[in-house]
Amino acid sequence: MPHGLLEVRGTIDLGQFWPSGRSDADTTTVVLKLAPDAIRFRKSDAAPFRATHVFDDAIVKGRQRKPAIKNGHVTIRLQGIDAPELHFQPTALSKAEIGGLSQAKKDAFHELNHFYRQLLGATSTKGLHDFLATSGATIFDSRVLTQVDHPNEVFDTFGRLVGDIEIEKGGSPVNLNHWLVERGWAFPTYYSSMTNEEITAVDTLAKAARSKKLGVWKFLSKTVGTFDFTLREPKKNDLSVLATDKGPVLFPKLYRRFTSWSARHKAKVINMPFQAFLAGGVGGKPDDCFEIADFLANGVHSAKRHTFDQFIQSGKTIKFEPGGLVFAEAASKLIRPDGSDAPDEF
């Protein structure tokens with residue numbers, strides 16, 4: 001378990017969030033503008049924070065290659081939570097899928113390759129936007145915190161810094177990860193990069209929100225239904241979608257897999273059932289996971305590994321609870337622009 005703590009200071013602009021902008025509450029596009037010497041690290045609770053520049057000019061190599069810091073900004077994934085999607089596009093066809101595919105099927109997939117949304121995606125994002133807006137401020141002093149010991153533990157495979165975002169609102173610190181899950185605007189979603197302490201903090205809040213059936217919990221679906229191709233990303237400031245933005249909600253990670261399958265299946269790119277697609281994984285990489293009690297008791301190296309599809313029956317019946325699984329974090333690595341390894345010490 002990590003003993004170190006990374007702190008990243010900067011500002012968050014309210015204007016990036018829908019309905020003003022495109023950012024949503026689902027952890028993918030919160031952008032923090034960095035302050036000078038904004039990134040600090042301490043090895044333990046007893047050690048002082050010291051500035052680090054290990055991420056300067058570094059590139060995150062994972063499923064994508066992205067600069068760790070771009071034009072003084074860093075993209076954050078809010079760890080431990082996942083809100084209904086406001087805009088998710090089916091994953092691109094792999095080389096194996098494209099090989100031998102007719103032009104008609106490629107065109108059919110292209111016609112379906114839009115940004116889709118889940119019900120409550122707009123509502124949950126509007127809830128976050130309105131909470132921030134009540135202060136009257138448009139720029140918020142913020143810091144991101146994550147328990148790590150090495151730089152290679154900081155970014156996910158999509159080049160996002162994983163951590164908790166804390167803002168100053170009304171003179172007091174507010175943890176946005178915790179605020180979203182506490183009010184039922186996000187599901188608990190754990191990854192093996194998290195510490196037991198980070199998981200249990202979110203889990204306590206999620207269980208309280210579920211007991212009150214707040215937000216997403218009132219609409220949690222226990223079955224995989226029919227994909228709705230008419231639900232598209234709302235335009236900026238199009239608040240009309242809020243009037244009908246409620247109904248069954250899939251666990252977002254499952255929804256993303258279902259979206260990618262649905263577009264492929266309708267375009268006749270594949271003919272396999274959803275269960276088989278889930279078992280194969282997007283891009284041929286199944287989602288590994290652990291049951292939460294086993295993970296907390298035994299850790300990532302000793303807990304029993306499962307695959308996500310084992311918790312779905314016949315592509316329809318959902319056999320897990322949000323917060324009941326811990327997903328294996330996909331690997332990423334920091335490299336220099338010339339391709340050599342970046343330092344793995346702060």
# chains A, B, ... in the order shown; residues from 1 in each chain; ligands from 1
call {"tool": "residues_around", "arguments": {"residues": "Leu6 (chain A)", "least_positions_apart": "2", "cutoff": "8 Å", "atoms": "only C-alpha atoms", "output": "number ranges by chain"}}
result
A: 4, 8, 39-42, 144-148
call {"tool": "write_last_selection", "arguments": {"atoms": "N, CA and C atoms", "output": "PDB file, in the first residue's frame"}}
result
ATOM      1  N   GLY A   4       3.172   7.362   0.168  1.00  0.00           N
ATOM      2  CA  GLY A   4       3.380   8.722  -0.300  1.00  0.00           C
ATOM      3  C   GLY A   4       2.081   9.408  -0.699  1.00  0.00           C
ATOM      4  N   VAL A   8      -1.419  18.161  -6.433  1.00  0.00           N
ATOM      5  CA  VAL A   8      -1.342  18.997  -7.633  1.00  0.00           C
ATOM      6  C   VAL A   8      -2.266  20.188  -7.420  1.00  0.00           C
ATOM      7  N   ILE A  39       3.081  20.854  -8.558  1.00  0.00           N
ATOM      8  CA  ILE A  39       3.078  19.439  -8.223  1.00  0.00           C
ATOM      9  C   ILE A  39       4.083  19.173  -7.110  1.00  0.00           C
ATOM     10  N   ARG A  40       3.577  18.656  -6.005  1.00  0.00           N
ATOM     11  CA  ARG A  40       4.421  18.386  -4.838  1.00  0.00           C
ATOM     12  C   ARG A  40       4.186  16.958  -4.367  1.00  0.00           C
ATOM     13  N   PHE A  41       5.208  16.405  -3.704  1.00  0.00           N
ATOM     14  CA  PHE A  41       5.125  15.027  -3.241  1.00  0.00           C
ATOM     15  C   PHE A  41       5.760  14.914  -1.864  1.00  0.00           C
ATOM     16  N   ARG A  42       5.165  14.050  -1.032  1.00  0.00           N
ATOM     17  CA  ARG A  42       5.813  13.710   0.239  1.00  0.00           C
ATOM     18  C   ARG A  42       5.832  12.191   0.383  1.00  0.00           C
ATOM     19  N   VAL A 144      -5.519  18.389  -6.378  1.00  0.00           N
ATOM     20  CA  VAL A 144      -5.780  16.972  -6.594  1.00  0.00           C
ATOM     21  C   VAL A 144      -4.856  16.184  -5.689  1.00  0.00           C
ATOM     22  N   LEU A 145      -5.396  15.184  -5.028  1.00  0.00           N
ATOM     23  CA  LEU A 145      -4.626  14.362  -4.100  1.00  0.00           C
ATOM     24  C   LEU A 145      -4.736  12.894  -4.491  1.00  0.00           C
ATOM     25  N   THR A 146      -3.614  12.189  -4.440  1.00  0.00           N
ATOM     26  CA  THR A 146      -3.637  10.754  -4.696  1.00  0.00           C
ATOM     27  C   THR A 146      -2.499  10.086  -3.945  1.00  0.00           C
ATOM     28  N   GLN A 147      -2.787   8.932  -3.357  1.00  0.00           N
ATOM     29  CA  GLN A 147      -1.782   8.186  -2.603  1.00  0.00           C
ATOM     30  C   GLN A 147      -0.981   7.300  -3.549  1.00  0.00           C
ATOM     31  N   VAL A 148       0.274   7.645  -3.743  1.00  0.00           N
ATOM     32  CA  VAL A 148       1.180   6.915  -4.638  1.00  0.00           C
ATOM     33  C   VAL A 148       2.594   6.966  -4.064  1.00  0.00           C
TER      34      VAL A 148
END
call {"tool": "closest_atom_pairs", "arguments": {"of": "region 28-119 of chain A", "to": "region 254-271 of chain A", "cutoff": "6 Å", "atoms": "only C-alpha atoms", "output": "CSV"}}
result
residue,atom,partner,partner_atom,distance
A:Pro90,CA,A:Ser260,CA,4.3
A:Thr91,CA,A:Ser260,CA,5.7
A:Lys105,CA,A:Ala267,CA,5.9
A:Ala108,CA,A:Ala267,CA,5.0
A:Phe109,CA,A:Ala267,CA,5.1
A:Leu112,CA,A:Ala263,CA,5.9
call {"tool": "write_last_selection", "arguments": {"atoms": "N, CA and C atoms", "output": "PDB file, in the first residue's frame"}}
result
ATOM      1  N   PRO A  90     -18.816   4.937 -29.305  1.00  0.00           N
ATOM      2  CA  PRO A  90     -18.340   3.549 -29.406  1.00  0.00           C
ATOM      3  C   PRO A  90     -16.848   3.502 -29.729  1.00  0.00           C
ATOM      4  N   THR A  91     -16.158   2.557 -29.134  1.00  0.00           N
ATOM      5  CA  THR A  91     -14.725   2.444 -29.383  1.00  0.00           C
ATOM      6  C   THR A  91     -14.475   2.156 -30.864  1.00  0.00           C
ATOM      7  N   LYS A 105     -20.412  -2.278 -44.585  1.00  0.00           N
ATOM      8  CA  LYS A 105     -20.450  -2.423 -43.128  1.00  0.00           C
ATOM      9  C   LYS A 105     -19.631  -1.334 -42.447  1.00  0.00           C
ATOM     10  N   ALA A 108     -21.873   1.589 -42.472  1.00  0.00           N
ATOM     11  CA  ALA A 108     -22.963   1.421 -41.509  1.00  0.00           C
ATOM     12  C   ALA A 108     -22.485   1.738 -40.097  1.00  0.00           C
ATOM     13  N   PHE A 109     -21.282   1.274 -39.769  1.00  0.00           N
ATOM     14  CA  PHE A 109     -20.735   1.591 -38.448  1.00  0.00           C
ATOM     15  C   PHE A 109     -20.482   3.088 -38.322  1.00  0.00           C
ATOM     16  N   LEU A 112     -23.384   5.053 -37.303  1.00  0.00           N
ATOM     17  CA  LEU A 112     -23.816   4.839 -35.913  1.00  0.00           C
ATOM     18  C   LEU A 112     -22.796   5.344 -34.903  1.00  0.00           C
TER      19      LEU A 112
END
call {"tool": "closest_residue", "arguments": {"among": "A:Val54, A:Phe140, A:Ala68, A:Glu97", "to": "Gly283 (chain A)", "atoms": "only C-alpha atoms"}}
result
A:Glu97
call {"tool": "residues_around", "arguments": {"residues": "Lys43 (chain A)", "least_positions_apart": "6", "cutoff": "8 Å", "atoms": "only C-alpha atoms", "output": "MDAnalysis selection string"}}
result
chainID A and resid 3:5 149
call {"tool": "closest_residue", "arguments": {"among": "A:Gly62, A:Gly136, A:Gly159, A:Gly100", "to": "Thr75 (chain A)", "atoms": "only C-alpha atoms"}}
result
A:Gly159
call {"tool": "closest_residue", "arguments": {"among": "A:Glu321, A:Thr125, A:Leu231, A:Asp203", "to": "Ser20 (chain A)", "atoms": "only C-alpha atoms"}}
result
A:Thr125
call {"tool": "residues_around", "arguments": {"residues": "Ile312 (chain A)", "least_positions_apart": "6", "cutoff": "12 Å", "atoms": "only C-alpha atoms", "output": "PDB file with N, CA and C atoms, in the first residue's frame"}}
result
ATOM      1  N   LYS A 222     -31.072  -3.599 -13.189  1.00  0.00           N
ATOM      2  CA  LYS A 222     -30.487  -4.902 -12.884  1.00  0.00           C
ATOM      3  C   LYS A 222     -30.459  -5.809 -14.104  1.00  0.00           C
ATOM      4  N   THR A 223     -30.907  -5.268 -15.239  1.00  0.00           N
ATOM      5  CA  THR A 223     -30.852  -6.034 -16.482  1.00  0.00           C
ATOM      6  C   THR A 223     -30.341  -5.141 -17.607  1.00  0.00           C
ATOM      7  N   VAL A 224     -29.723  -5.771 -18.597  1.00  0.00           N
ATOM      8  CA  VAL A 224     -29.273  -5.067 -19.796  1.00  0.00           C
ATOM      9  C   VAL A 224     -30.423  -5.088 -20.793  1.00  0.00           C
ATOM     10  N   PHE A 251     -24.857   0.489 -14.886  1.00  0.00           N
ATOM     11  CA  PHE A 251     -23.546   0.825 -14.343  1.00  0.00           C
ATOM     12  C   PHE A 251     -22.700   1.342 -15.507  1.00  0.00           C
ATOM     13  N   LEU A 254     -20.391  -0.851 -17.646  1.00  0.00           N
ATOM     14  CA  LEU A 254     -21.152  -1.816 -18.437  1.00  0.00           C
ATOM     15  C   LEU A 254     -21.818  -1.115 -19.619  1.00  0.00           C
ATOM     16  N   PHE A 258     -21.576  -1.942 -23.594  1.00  0.00           N
ATOM     17  CA  PHE A 258     -22.821  -2.205 -24.320  1.00  0.00           C
ATOM     18  C   PHE A 258     -22.966  -1.270 -25.523  1.00  0.00           C
ATOM     19  N   PHE A 274     -23.916 -10.206 -26.917  1.00  0.00           N
ATOM     20  CA  PHE A 274     -23.228  -9.276 -26.020  1.00  0.00           C
ATOM     21  C   PHE A 274     -22.377 -10.003 -24.993  1.00  0.00           C
ATOM     22  N   GLN A 275     -22.847 -11.136 -24.478  1.00  0.00           N
ATOM     23  CA  GLN A 275     -22.085 -11.879 -23.476  1.00  0.00           C
ATOM     24  C   GLN A 275     -20.708 -12.269 -24.004  1.00  0.00           C
ATOM     25  N   ALA A 276     -20.667 -12.729 -25.261  1.00  0.00           N
ATOM     26  CA  ALA A 276     -19.395 -13.127 -25.863  1.00  0.00           C
ATOM     27  C   ALA A 276     -18.499 -11.920 -26.099  1.00  0.00           C
ATOM     28  N   PHE A 277     -19.094 -10.802 -26.512  1.00  0.00           N
ATOM     29  CA  PHE A 277     -18.322  -9.572 -26.720  1.00  0.00           C
ATOM     30  C   PHE A 277     -17.712  -9.109 -25.409  1.00  0.00           C
ATOM     31  N   LEU A 278     -18.484  -9.179 -24.333  1.00  0.00           N
ATOM     32  CA  LEU A 278     -18.000  -8.769 -23.016  1.00  0.00           C
ATOM     33  C   LEU A 278     -16.871  -9.676 -22.552  1.00  0.00           C
ATOM     34  N   ALA A 279     -16.998 -10.965 -22.830  1.00  0.00           N
ATOM     35  CA  ALA A 279     -15.958 -11.926 -22.435  1.00  0.00           C
ATOM     36  C   ALA A 279     -14.657 -11.676 -23.194  1.00  0.00           C
ATOM     37  N   HIS A 306     -11.068 -12.247 -11.415  1.00  0.00           N
ATOM     38  CA  HIS A 306     -12.217 -12.655 -12.211  1.00  0.00           C
ATOM     39  C   HIS A 306     -12.218 -11.825 -13.481  1.00  0.00           C
ATOM     40  N   ILE A 318     -27.727  -8.790 -14.475  1.00  0.00           N
ATOM     41  CA  ILE A 318     -26.553  -8.221 -13.821  1.00  0.00           C
ATOM     42  C   ILE A 318     -26.424  -8.828 -12.429  1.00  0.00           C
ATOM     43  N   LYS A 319     -25.278  -9.468 -12.185  1.00  0.00           N
ATOM     44  CA  LYS A 319     -25.082 -10.216 -10.946  1.00  0.00           C
ATOM     45  C   LYS A 319     -24.110  -9.539  -9.976  1.00  0.00           C
ATOM     46  N   PHE A 320     -23.861  -8.258 -10.154  1.00  0.00           N
ATOM     47  CA  PHE A 320     -22.985  -7.551  -9.236  1.00  0.00           C
ATOM     48  C   PHE A 320     -23.652  -6.242  -8.824  1.00  0.00           C
ATOM     49  N   GLU A 321     -23.186  -5.688  -7.730  1.00  0.00           N
ATOM     50  CA  GLU A 321     -23.669  -4.396  -7.258  1.00  0.00           C
ATOM     51  C   GLU A 321     -22.592  -3.347  -7.511  1.00  0.00           C
TER      52      GLU A 321
END
call {"tool": "closest_residue", "arguments": {"among": "A:Ser302, A:Thr226, A:Thr244, A:Ser124", "to": "Gly315 (chain A)", "atoms": "only C-alpha atoms"}}
result
A:Thr226
call {"tool": "atom_distance", "arguments": {"atom1": "CA of Phe131 (chain A)", "atom2": "CA of Lys70 (chain A)"}}
result
27.9 Å
call {"tool": "closest_residue", "arguments": {"among": "A:Ile139, A:Val300, A:Ala51, A:Ala83", "to": "Val216 (chain A)", "atoms": "only C-alpha atoms"}}
result
A:Ala83
call {"tool": "atom_distance", "arguments": {"atom1": "CA of Leu296 (chain A)", "atom2": "CA of Glu7 (chain A)"}}
result
24.6 Å
call {"tool": "select_by_dssp", "arguments": {"residues": "region 73-307 of chain A", "states": "helix (DSSP H, G or I)", "output": "ChimeraX atom specification"}}
result
/A:95-98,103-112,121-133,151-153,176-182,196-211,215-219,239-244,252-266,274-280,282-284,292-298
call {"tool": "closest_residue", "arguments": {"among": "A:Val74, A:Leu220, A:Ala96, A:Ile12", "to": "Ala186 (chain A)", "atoms": "only C-alpha atoms"}}
result
A:Leu220
